[in-house]
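The data block below is protein.pdb; it holds PDB, C-alpha atoms.
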```pdb
MODEL        1
ATOM      1  CA  MET R   1     -19.028  73.519 -84.183
ATOM      2  CA  GLU R   2     -21.258  70.749 -82.810
ATOM      3  CA  LYS R   3     -21.463  70.391 -79.060
ATOM      4  CA  ALA R   4     -19.832  67.268 -77.657
ATOM      5  CA  VAL R   5     -22.273  65.032 -75.774
ATOM      6  CA  LYS R   6     -21.018  64.541 -72.224
ATOM      7  CA  ARG R   7     -23.983  63.233 -70.256
ATOM      8  CA  ILE R   8     -27.266  61.551 -71.216
ATOM      9  CA  GLY R   9     -30.268  60.180 -69.376
ATOM     10  CA  VAL R  10     -32.190  56.957 -69.982
ATOM     11  CA  LEU R  11     -35.736  56.160 -68.866
ATOM     12  CA  THR R  12     -38.510  53.642 -69.434
ATOM     13  CA  SER R  13     -42.087  54.840 -69.706
ATOM     14  CA  GLY R  14     -45.591  53.498 -70.255
ATOM     15  CA  GLY R  15     -46.394  49.796 -70.116
ATOM     16  CA  ASP R  16     -43.421  47.584 -69.325
ATOM     17  CA  ALA R  17     -42.175  45.081 -71.874
ATOM     18  CA  PRO R  18     -39.656  42.213 -71.597
ATOM     19  CA  GLY R  19     -36.345  43.450 -72.985
ATOM     20  CA  MET R  20     -36.485  46.949 -71.508
ATOM     21  CA  ASN R  21     -33.646  46.042 -69.151
ATOM     22  CA  ALA R  22     -31.554  44.856 -72.078
ATOM     23  CA  ALA R  23     -32.115  48.239 -73.751
ATOM     24  CA  VAL R  24     -31.129  50.138 -70.581
ATOM     25  CA  ARG R  25     -28.008  47.985 -70.312
ATOM     26  CA  ALA R  26     -27.063  48.652 -73.936
ATOM     27  CA  VAL R  27     -27.589  52.414 -73.591
ATOM     28  CA  THR R  28     -25.520  52.557 -70.403
ATOM     29  CA  ARG R  29     -22.596  50.491 -71.616
ATOM     30  CA  THR R  30     -22.481  52.066 -75.075
ATOM     31  CA  ALA R  31     -22.433  55.509 -73.500
ATOM     32  CA  ILE R  32     -19.604  54.559 -71.153
ATOM     33  CA  SER R  33     -17.624  53.060 -74.028
ATOM     34  CA  ARG R  34     -17.879  56.420 -75.805
ATOM     35  CA  GLY R  35     -16.818  58.443 -72.772
ATOM     36  CA  VAL R  36     -20.351  59.681 -72.055
ATOM     37  CA  GLU R  37     -21.872  59.646 -68.568
ATOM     38  CA  CYS R  38     -25.262  57.971 -68.177
ATOM     39  CA  ILE R  39     -27.964  58.881 -65.654
ATOM     40  CA  GLY R  40     -30.886  56.537 -65.022
ATOM     41  CA  ILE R  41     -34.205  58.388 -64.669
ATOM     42  CA  ARG R  42     -36.545  56.336 -62.506
ATOM     43  CA  ARG R  43     -40.323  56.079 -62.904
ATOM     44  CA  GLY R  44     -40.469  57.500 -66.402
ATOM     45  CA  TRP R  45     -41.247  61.153 -67.027
ATOM     46  CA  ASN R  46     -42.405  61.480 -63.418
ATOM     47  CA  GLY R  47     -38.820  60.853 -62.365
ATOM     48  CA  LEU R  48     -37.604  63.683 -64.549
ATOM     49  CA  ILE R  49     -40.181  66.018 -62.964
ATOM     50  CA  ASN R  50     -39.395  64.937 -59.405
ATOM     51  CA  GLY R  51     -35.630  64.527 -59.717
ATOM     52  CA  ASP R  52     -35.711  60.765 -59.179
ATOM     53  CA  PHE R  53     -32.466  59.583 -60.759
ATOM     54  CA  ILE R  54     -29.421  57.383 -60.245
ATOM     55  CA  GLN R  55     -25.882  57.425 -61.609
ATOM     56  CA  MET R  56     -25.374  54.470 -63.959
ATOM     57  CA  ASP R  57     -22.128  52.615 -64.485
ATOM     58  CA  ALA R  58     -21.123  49.329 -66.102
ATOM     59  CA  SER R  59     -21.726  47.321 -62.924
ATOM     60  CA  SER R  60     -25.166  48.843 -62.281
ATOM     61  CA  VAL R  61     -26.477  47.085 -65.383
ATOM     62  CA  SER R  62     -24.697  43.776 -64.810
ATOM     63  CA  HIS R  63     -26.914  40.678 -64.700
ATOM     64  CA  ILE R  64     -30.072  42.442 -65.886
ATOM     65  CA  ILE R  65     -30.191  41.409 -69.553
ATOM     66  CA  HIS R  66     -32.195  38.300 -68.654
ATOM     67  CA  LYS R  67     -34.648  40.021 -66.310
ATOM     68  CA  GLY R  68     -38.184  41.057 -67.198
ATOM     69  CA  GLY R  69     -39.689  44.374 -66.147
ATOM     70  CA  THR R  70     -37.429  47.394 -65.798
ATOM     71  CA  ILE R  71     -34.913  48.228 -63.074
ATOM     72  CA  LEU R  72     -35.683  51.908 -63.659
ATOM     73  CA  TYR R  73     -39.390  51.317 -62.988
ATOM     74  CA  THR R  74     -42.051  52.845 -65.191
ATOM     75  CA  ALA R  75     -45.086  55.061 -64.787
ATOM     76  CA  ARG R  76     -47.529  57.179 -66.728
ATOM     77  CA  SER R  77     -47.426  60.905 -66.045
ATOM     78  CA  GLU R  78     -50.392  63.219 -66.516
ATOM     79  CA  GLU R  79     -48.355  66.163 -65.204
ATOM     80  CA  PHE R  80     -45.744  65.713 -67.936
ATOM     81  CA  LYS R  81     -48.435  66.273 -70.564
ATOM     82  CA  THR R  82     -48.669  69.886 -69.401
ATOM     83  CA  ALA R  83     -46.198  72.697 -70.181
ATOM     84  CA  PRO R  84     -45.589  73.412 -66.471
ATOM     85  CA  GLY R  85     -44.833  69.733 -65.888
ATOM     86  CA  ARG R  86     -42.343  69.667 -68.737
ATOM     87  CA  GLU R  87     -40.826  72.896 -67.367
ATOM     88  CA  LYS R  88     -40.047  71.062 -64.136
ATOM     89  CA  ALA R  89     -38.537  68.205 -66.158
ATOM     90  CA  LEU R  90     -36.343  70.658 -68.058
ATOM     91  CA  GLY R  91     -35.196  72.049 -64.738
ATOM     92  CA  THR R  92     -33.969  68.583 -63.761
ATOM     93  CA  CYS R  93     -32.229  68.219 -67.148
ATOM     94  CA  LYS R  94     -30.489  71.564 -66.602
ATOM     95  CA  LEU R  95     -29.508  70.635 -63.043
ATOM     96  CA  LEU R  96     -27.985  67.344 -64.197
ATOM     97  CA  GLY R  97     -26.423  68.837 -67.322
ATOM     98  CA  LEU R  98     -28.117  66.359 -69.645
ATOM     99  CA  ASP R  99     -27.348  66.748 -73.339
ATOM    100  CA  GLY R 100     -29.801  64.077 -74.399
ATOM    101  CA  ILE R 101     -32.335  61.487 -73.255
ATOM    102  CA  VAL R 102     -33.027  57.972 -74.494
ATOM    103  CA  ALA R 103     -36.695  57.138 -73.854
ATOM    104  CA  VAL R 104     -37.759  53.494 -74.038
ATOM    105  CA  GLY R 105     -41.493  52.986 -74.564
ATOM    106  CA  GLY R 106     -44.304  53.511 -77.041
ATOM    107  CA  ASP R 107     -45.907  56.310 -79.061
ATOM    108  CA  GLY R 108     -46.985  58.206 -75.941
ATOM    109  CA  THR R 109     -43.417  58.126 -74.635
ATOM    110  CA  PHE R 110     -42.117  59.487 -77.943
ATOM    111  CA  ARG R 111     -44.706  62.270 -78.096
ATOM    112  CA  GLY R 112     -43.650  63.333 -74.611
ATOM    113  CA  ALA R 113     -39.980  63.271 -75.603
ATOM    114  CA  LEU R 114     -40.592  65.375 -78.697
ATOM    115  CA  ALA R 115     -42.664  67.907 -76.741
ATOM    116  CA  LEU R 116     -39.875  68.167 -74.145
ATOM    117  CA  SER R 117     -37.217  68.752 -76.794
ATOM    118  CA  ARG R 118     -39.296  71.431 -78.504
ATOM    119  CA  GLN R 119     -40.034  73.200 -75.243
ATOM    120  CA  ALA R 120     -36.331  73.154 -74.426
ATOM    121  CA  ALA R 121     -35.531  74.733 -77.787
ATOM    122  CA  GLU R 122     -38.067  77.513 -77.118
ATOM    123  CA  HIS R 123     -36.059  78.423 -74.012
ATOM    124  CA  GLY R 124     -32.711  78.209 -75.766
ATOM    125  CA  GLN R 125     -31.894  74.925 -74.006
ATOM    126  CA  SER R 126     -30.399  72.170 -76.146
ATOM    127  CA  LEU R 127     -31.824  68.723 -75.406
ATOM    128  CA  GLN R 128     -31.746  65.916 -77.942
ATOM    129  CA  VAL R 129     -34.107  62.943 -77.500
ATOM    130  CA  VAL R 130     -34.097  59.453 -79.010
ATOM    131  CA  GLY R 131     -36.887  56.886 -78.695
ATOM    132  CA  ILE R 132     -36.617  53.090 -78.548
ATOM    133  CA  PRO R 133     -39.889  51.240 -79.309
ATOM    134  CA  ALA R 134     -40.844  48.774 -76.592
ATOM    135  CA  THR R 135     -44.378  47.407 -76.359
ATOM    136  CA  ILE R 136     -45.794  43.887 -76.380
ATOM    137  CA  ASP R 137     -48.528  45.050 -78.785
ATOM    138  CA  ASN R 138     -46.016  45.564 -81.649
ATOM    139  CA  ASP R 139     -48.098  48.538 -82.785
ATOM    140  CA  ILE R 140     -45.494  51.263 -83.374
ATOM    141  CA  GLY R 141     -46.072  52.502 -86.921
ATOM    142  CA  CYS R 142     -42.456  53.218 -87.866
ATOM    143  CA  SER R 143     -40.968  49.922 -86.651
ATOM    144  CA  HIS R 144     -41.620  46.456 -88.003
ATOM    145  CA  TYR R 145     -40.793  45.019 -84.585
ATOM    146  CA  THR R 146     -40.974  46.315 -81.012
ATOM    147  CA  ILE R 147     -39.151  45.045 -77.931
ATOM    148  CA  GLY R 148     -41.235  42.633 -75.865
ATOM    149  CA  PHE R 149     -43.510  41.216 -78.566
ATOM    150  CA  ASP R 150     -41.731  37.892 -79.026
ATOM    151  CA  THR R 151     -41.565  37.174 -75.304
ATOM    152  CA  ALA R 152     -45.233  38.048 -74.805
ATOM    153  CA  CYS R 153     -46.176  35.712 -77.668
ATOM    154  CA  ASN R 154     -44.111  32.886 -76.183
ATOM    155  CA  THR R 155     -45.679  33.416 -72.750
ATOM    156  CA  ALA R 156     -49.198  33.311 -74.176
ATOM    157  CA  VAL R 157     -48.430  30.232 -76.280
ATOM    158  CA  GLU R 158     -47.022  28.388 -73.261
ATOM    159  CA  CYS R 159     -50.124  29.195 -71.200
ATOM    160  CA  ILE R 160     -52.524  28.196 -73.969
ATOM    161  CA  ASP R 161     -50.675  24.936 -74.648
ATOM    162  CA  LYS R 162     -51.230  23.994 -71.003
ATOM    163  CA  LEU R 163     -54.888  24.983 -71.201
ATOM    164  CA  ARG R 164     -55.284  22.861 -74.313
ATOM    165  CA  ASP R 165     -54.176  19.764 -72.410
ATOM    166  CA  THR R 166     -57.039  20.021 -69.947
ATOM    167  CA  MET R 167     -59.542  21.209 -72.563
ATOM    168  CA  GLN R 168     -58.730  18.178 -74.702
ATOM    169  CA  SER R 169     -59.046  15.831 -71.762
ATOM    170  CA  HIS R 170     -62.531  17.132 -70.922
ATOM    171  CA  GLU R 171     -63.601  17.834 -74.522
ATOM    172  CA  ARG R 172     -64.314  21.472 -73.802
ATOM    173  CA  CYS R 173     -64.131  24.877 -75.434
ATOM    174  CA  SER R 174     -61.622  27.412 -74.140
ATOM    175  CA  VAL R 175     -61.896  31.153 -74.695
ATOM    176  CA  VAL R 176     -58.604  32.946 -73.988
ATOM    177  CA  GLU R 177     -58.237  36.723 -73.867
ATOM    178  CA  VAL R 178     -54.814  38.159 -74.665
ATOM    179  CA  MET R 179     -53.646  41.764 -74.595
ATOM    180  CA  GLY R 180     -54.105  44.159 -77.510
ATOM    181  CA  ARG R 181     -56.499  47.047 -76.973
ATOM    182  CA  HIS R 182     -56.047  48.559 -80.415
ATOM    183  CA  ALA R 183     -53.916  45.972 -82.199
ATOM    184  CA  GLY R 184     -54.427  42.300 -82.936
ATOM    185  CA  TYR R 185     -50.816  41.345 -83.707
ATOM    186  CA  LEU R 186     -50.375  39.418 -80.460
ATOM    187  CA  ALA R 187     -53.691  37.577 -80.747
ATOM    188  CA  LEU R 188     -53.179  36.573 -84.378
ATOM    189  CA  TYR R 189     -49.557  35.449 -83.952
ATOM    190  CA  VAL R 190     -50.540  33.433 -80.897
ATOM    191  CA  GLY R 191     -53.666  32.043 -82.581
ATOM    192  CA  ILE R 192     -51.682  30.714 -85.530
ATOM    193  CA  SER R 193     -49.014  29.327 -83.189
ATOM    194  CA  VAL R 194     -51.493  27.329 -81.085
ATOM    195  CA  GLY R 195     -53.721  26.222 -83.958
ATOM    196  CA  ALA R 196     -56.720  28.145 -82.661
ATOM    197  CA  THR R 197     -60.212  27.371 -83.905
ATOM    198  CA  ALA R 198     -60.868  31.109 -84.241
ATOM    199  CA  VAL R 199     -59.158  34.425 -83.479
ATOM    200  CA  LEU R 200     -60.921  37.734 -82.890
ATOM    201  CA  ILE R 201     -58.947  40.937 -83.530
ATOM    202  CA  PRO R 202     -59.821  44.678 -83.528
ATOM    203  CA  GLU R 203     -58.767  45.086 -87.169
ATOM    204  CA  ARG R 204     -61.490  42.723 -88.399
ATOM    205  CA  PRO R 205     -65.154  43.415 -87.512
ATOM    206  CA  VAL R 206     -66.457  40.449 -85.540
ATOM    207  CA  ASP R 207     -69.253  38.430 -87.139
ATOM    208  CA  PHE R 208     -70.179  36.014 -84.353
ATOM    209  CA  GLN R 209     -71.959  33.512 -86.596
ATOM    210  CA  ARG R 210     -69.148  33.438 -89.160
ATOM    211  CA  ASP R 211     -66.143  33.725 -86.875
ATOM    212  CA  ILE R 212     -67.231  31.610 -83.899
ATOM    213  CA  VAL R 213     -70.357  29.522 -84.511
ATOM    214  CA  GLU R 214     -69.457  28.258 -87.971
ATOM    215  CA  ALA R 215     -65.804  27.729 -87.035
ATOM    216  CA  ILE R 216     -66.790  25.518 -84.088
ATOM    217  CA  ARG R 217     -69.399  23.638 -86.134
ATOM    218  CA  LYS R 218     -66.960  22.896 -88.956
ATOM    219  CA  ALA R 219     -64.329  21.718 -86.496
ATOM    220  CA  ARG R 220     -66.896  19.466 -84.728
ATOM    221  CA  LEU R 221     -68.059  17.972 -88.036
ATOM    222  CA  ALA R 222     -64.407  17.218 -88.792
ATOM    223  CA  GLY R 223     -64.203  15.190 -85.590
ATOM    224  CA  VAL R 224     -62.701  17.752 -83.227
ATOM    225  CA  THR R 225     -64.131  17.702 -79.693
ATOM    226  CA  HIS R 226     -62.213  20.606 -78.124
ATOM    227  CA  PHE R 227     -62.000  24.172 -79.379
ATOM    228  CA  MET R 228     -59.672  27.110 -78.746
ATOM    229  CA  ILE R 229     -60.878  30.682 -79.267
ATOM    230  CA  VAL R 230     -58.278  33.469 -78.905
ATOM    231  CA  VAL R 231     -59.586  36.994 -78.349
ATOM    232  CA  ALA R 232     -57.663  40.277 -78.414
ATOM    233  CA  GLU R 233     -58.970  42.444 -75.568
ATOM    234  CA  GLY R 234     -59.814  45.184 -78.075
ATOM    235  CA  ALA R 235     -62.085  42.832 -80.032
ATOM    236  CA  GLY R 236     -64.391  42.051 -77.139
ATOM    237  CA  SER R 237     -64.664  40.531 -73.689
ATOM    238  CA  ALA R 238     -63.771  36.854 -73.439
ATOM    239  CA  VAL R 239     -66.365  36.519 -70.672
ATOM    240  CA  ASP R 240     -69.125  37.918 -72.893
ATOM    241  CA  ILE R 241     -68.024  35.755 -75.807
ATOM    242  CA  GLY R 242     -68.035  32.683 -73.591
ATOM    243  CA  LYS R 243     -71.596  33.409 -72.451
ATOM    244  CA  ARG R 244     -72.749  33.891 -76.021
ATOM    245  CA  ILE R 245     -71.159  30.601 -77.103
ATOM    246  CA  HIS R 246     -73.068  28.884 -74.307
ATOM    247  CA  ASP R 247     -76.357  30.535 -75.280
ATOM    248  CA  GLU R 248     -76.120  29.976 -79.046
ATOM    249  CA  ILE R 249     -74.361  26.606 -79.327
ATOM    250  CA  GLY R 250     -75.020  24.967 -75.983
ATOM    251  CA  ILE R 251     -71.312  24.442 -75.228
ATOM    252  CA  ASP R 252     -70.069  25.333 -71.749
ATOM    253  CA  PRO R 253     -66.788  27.233 -72.389
ATOM    254  CA  ARG R 254     -63.994  27.881 -69.905
ATOM    255  CA  VAL R 255     -62.787  31.488 -70.014
ATOM    256  CA  THR R 256     -59.219  32.555 -69.205
ATOM    257  CA  VAL R 257     -57.939  36.143 -69.203
ATOM    258  CA  LEU R 258     -54.148  35.993 -69.342
ATOM    259  CA  GLY R 259     -53.753  39.630 -68.301
ATOM    260  CA  HIS R 260     -50.449  41.055 -67.119
ATOM    261  CA  ILE R 261     -48.672  37.704 -67.013
ATOM    262  CA  GLN R 262     -47.941  38.478 -70.684
ATOM    263  CA  ARG R 263     -45.776  41.441 -69.685
ATOM    264  CA  GLY R 264     -43.516  39.456 -67.360
ATOM    265  CA  GLY R 265     -40.847  36.825 -67.655
ATOM    266  CA  SER R 266     -37.311  36.577 -68.922
ATOM    267  CA  PRO R 267     -37.043  38.138 -72.404
ATOM    268  CA  SER R 268     -36.455  35.866 -75.369
ATOM    269  CA  SER R 269     -33.194  35.903 -77.294
ATOM    270  CA  ARG R 270     -34.874  37.944 -80.034
ATOM    271  CA  ASP R 271     -35.953  40.633 -77.584
ATOM    272  CA  ARG R 272     -32.555  40.720 -75.872
ATOM    273  CA  GLU R 273     -30.667  41.013 -79.149
ATOM    274  CA  THR R 274     -33.030  43.577 -80.668
ATOM    275  CA  ALA R 275     -32.997  45.697 -77.501
ATOM    276  CA  SER R 276     -29.206  45.578 -77.412
ATOM    277  CA  ARG R 277     -28.883  46.750 -81.016
ATOM    278  CA  MET R 278     -31.470  49.484 -80.545
ATOM    279  CA  GLY R 279     -29.808  50.730 -77.355
ATOM    280  CA  TYR R 280     -26.441  50.873 -79.085
ATOM    281  CA  HIS R 281     -27.798  52.809 -82.073
ATOM    282  CA  ALA R 282     -29.696  55.221 -79.801
ATOM    283  CA  VAL R 283     -26.489  56.311 -78.090
ATOM    284  CA  MET R 284     -24.574  56.478 -81.359
ATOM    285  CA  SER R 285     -27.278  58.782 -82.717
ATOM    286  CA  LEU R 286     -26.889  61.149 -79.767
ATOM    287  CA  VAL R 287     -23.095  61.061 -79.959
ATOM    288  CA  ALA R 288     -23.404  62.045 -83.633
ATOM    289  CA  ASN R 289     -25.690  64.935 -82.564
ATOM    290  CA  LYS R 290     -28.656  63.356 -84.361
ATOM    291  CA  GLY R 291     -31.487  64.042 -81.977
ATOM    292  CA  ASN R 292     -35.272  63.763 -82.113
ATOM    293  CA  ARG R 293     -35.021  60.316 -83.694
ATOM    294  CA  VAL R 294     -36.760  56.976 -83.200
ATOM    295  CA  ILE R 295     -34.666  53.838 -83.499
ATOM    296  CA  ALA R 296     -36.654  51.302 -85.507
ATOM    297  CA  THR R 297     -36.285  47.963 -87.236
ATOM    298  CA  GLN R 298     -37.161  47.701 -90.923
ATOM    299  CA  GLU R 299     -36.507  44.586 -92.983
ATOM    300  CA  GLY R 300     -34.326  43.267 -90.168
ATOM    301  CA  ARG R 301     -32.090  46.370 -90.104
ATOM    302  CA  VAL R 302     -31.892  48.945 -87.321
ATOM    303  CA  VAL R 303     -32.549  52.436 -88.654
ATOM    304  CA  ASP R 304     -33.187  55.887 -87.186
ATOM    305  CA  ILE R 305     -36.150  57.984 -88.280
ATOM    306  CA  ASP R 306     -37.076  61.597 -87.609
ATOM    307  CA  MET R 307     -39.353  61.461 -84.560
ATOM    308  CA  GLU R 308     -42.089  63.669 -85.991
ATOM    309  CA  GLU R 309     -42.136  61.605 -89.169
ATOM    310  CA  ALA R 310     -42.127  58.398 -87.141
ATOM    311  CA  LEU R 311     -45.134  59.480 -85.074
ATOM    312  CA  ALA R 312     -47.090  60.214 -88.262
ATOM    313  CA  MET R 313     -46.465  56.740 -89.688
ATOM    314  CA  THR R 314     -49.044  53.951 -89.512
ATOM    315  CA  LYS R 315     -48.472  50.228 -89.711
ATOM    316  CA  PRO R 316     -50.774  48.399 -92.139
ATOM    317  CA  PHE R 317     -52.061  45.229 -90.521
ATOM    318  CA  GLN R 318     -50.859  42.075 -92.246
ATOM    319  CA  MET R 319     -54.274  40.551 -92.879
ATOM    320  CA  ASP R 320     -52.693  37.813 -95.001
ATOM    321  CA  ARG R 321     -51.859  36.126 -91.695
ATOM    322  CA  TYR R 322     -55.589  35.810 -91.064
ATOM    323  CA  ASP R 323     -55.844  34.021 -94.404
ATOM    324  CA  VAL R 324     -53.222  31.573 -93.109
ATOM    325  CA  LEU R 325     -55.240  30.982 -89.945
ATOM    326  CA  GLU R 326     -58.436  30.273 -91.867
ATOM    327  CA  ALA R 327     -56.685  27.987 -94.360
ATOM    328  CA  LEU R 328     -55.208  25.901 -91.557
ATOM    329  CA  SER R 329     -58.453  25.630 -89.584
ATOM    330  CA  LEU R 330     -60.487  22.441 -89.964
ATOM    331  CA  HIS R 331     -63.401  22.634 -92.403
TER     332      HIS R 331
ENDMDL
END
```

Representation of the structure as structure tokens:
Amino acid sequence: MEKAVKRIGVLTSGGDAPGMNAAVRAVTRTAISRGVECIGIRRGWNGLINGDFIQMDASSVSHIIHKGGTILYTARSEEFKTAPGREKALGTCKLLGLDGIVAVGGDGTFRGALALSRQAAEHGQSLQVVGIPATIDNDIGCSHYTIGFDTACNTAVECIDKLRDTMQSHERCSVVEVMGRHAGYLALYVGISVGATAVLIPERPVDFQRDIVEAIRKARLAGVTHFMIVVAEGAGSAVDIGKRIHDEIGIDPRVTVLGHIQRGGSPSSRDRETASRMGYHAVMSLVANKGNRVIATQEGRVVDIDMEEALAMTKPFQMDRYDVLEALSLH
């Protein structure tokens, strides 16, 4: 006979993303609606090691769906990567009587959750884990969409639109660096949305003459007097690119690094709705005793995938979007 789930924990880990609060709210309220207690683990896996937790109820998650960041705070934990660190975390789980944990974050968060569940099983301790993908990079292999991406795109677009106003007035070139160490989804989506002259992404080897020099020249020959270059941080430094533009073309670019402003702000309706659905399905998975799962979106539907299988999946980059960018650029 399957064990009834009585109490679960919820935590946010890794880089914060707009919509995390909506996910925490959905997990808490869904659990309560199913007669399951919910404990908020603060500061990610560190909180589970150190016993940093709070009892959650319906009112504790009121008026947070519209807030950026995470009310549970987030952190990265080197100690949790070790077996002794996870042993401490399991001690907290045993103390609290947790039957399962919902972990909101990225691949690193899920790997930690899976390692914790496996270590628990080795000691005869039952602990089911479920992951909810939340990262502004949208780079989780098993999920077509991750919480926070839409809001981060909108934030970057709003900033670049304002930069364009002054660049156009002074007939200048602007080089804008957006986040994306290993993935260019954010940069490419934003670049298409703002009508960028060129976009540099990690998935496409940068040819400076082809991607920057010729793009600017063609735009200038077409009568354009201001240029917008969007750079994913993993494709190069906007400062270095700006210097090279100055040296090779003679234009004096203005460089802007948007940085962590992209992580903040009130989540968009898409991120709120997606986070709410994912949070609901995460709890329903635990209640059904389906642990070690990742809640993902595929073709607009919310699905659950075996966590080990999910971590092995890769997401092919949609390079056809780059074709769209190039077709819409001035020649």

If the PyMOL selection byres ((chain R and resi 306) around 12) is run on the structure shown, which residues does it catch, given as a VMD selection string?
chain R and resid 110 114 128 to 131 142 285 290 to 296 303 to 305 307 to 313

Straight-line distance linking CA of Gly100 in chain R with CA of Asn21 in chain R, stated in Å to one decimal:
19.2 Å

Can you measure CA of Ala219 in chain R to CA of Asp252 in chain R for me? One decimal in Å is fine.
16.2 Å

Figure out the distance between CA of Val324 in chain R and CA of Gly106 in chain R, please, to one decimal in Å.
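Separation of CA of Gly106 in chain R and CA of Val324 in chain R: 28.6 Å.
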
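Using only C-alpha atoms, the shortest contact distance between Val283 in chain R and any of R:Val178, R:Ile8, R:Ile229, R:Ala215 is found at R:Ile8.
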
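Note on the selection: in this file the PyMOL selection byres ((chain R and resi 134) around 9) comes out as Thr12, Gly15, Asp16, Ala17, Pro18, Gly19, Met20, Val104, Gly105, Gly106, Ile132, Pro133, Thr135, Ile136, Asp137, Asn138, Ile140, Tyr145, Thr146, Ile147, Gly148, Phe149 and Ala275 of chain R.
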
Might I get the box with edges along x, y and z of the file that holds all atoms of range 33-49 of chain R listed there, padded by 4 Å on every side, given as centre and edge lengths in Å to one decimal, as lines of an AutoDock Vina configuration file?
```
center_x = -29.6
center_y = 59.5
center_z = -69.1
size_x = 33.6
size_y = 21.0
size_z = 21.4
```
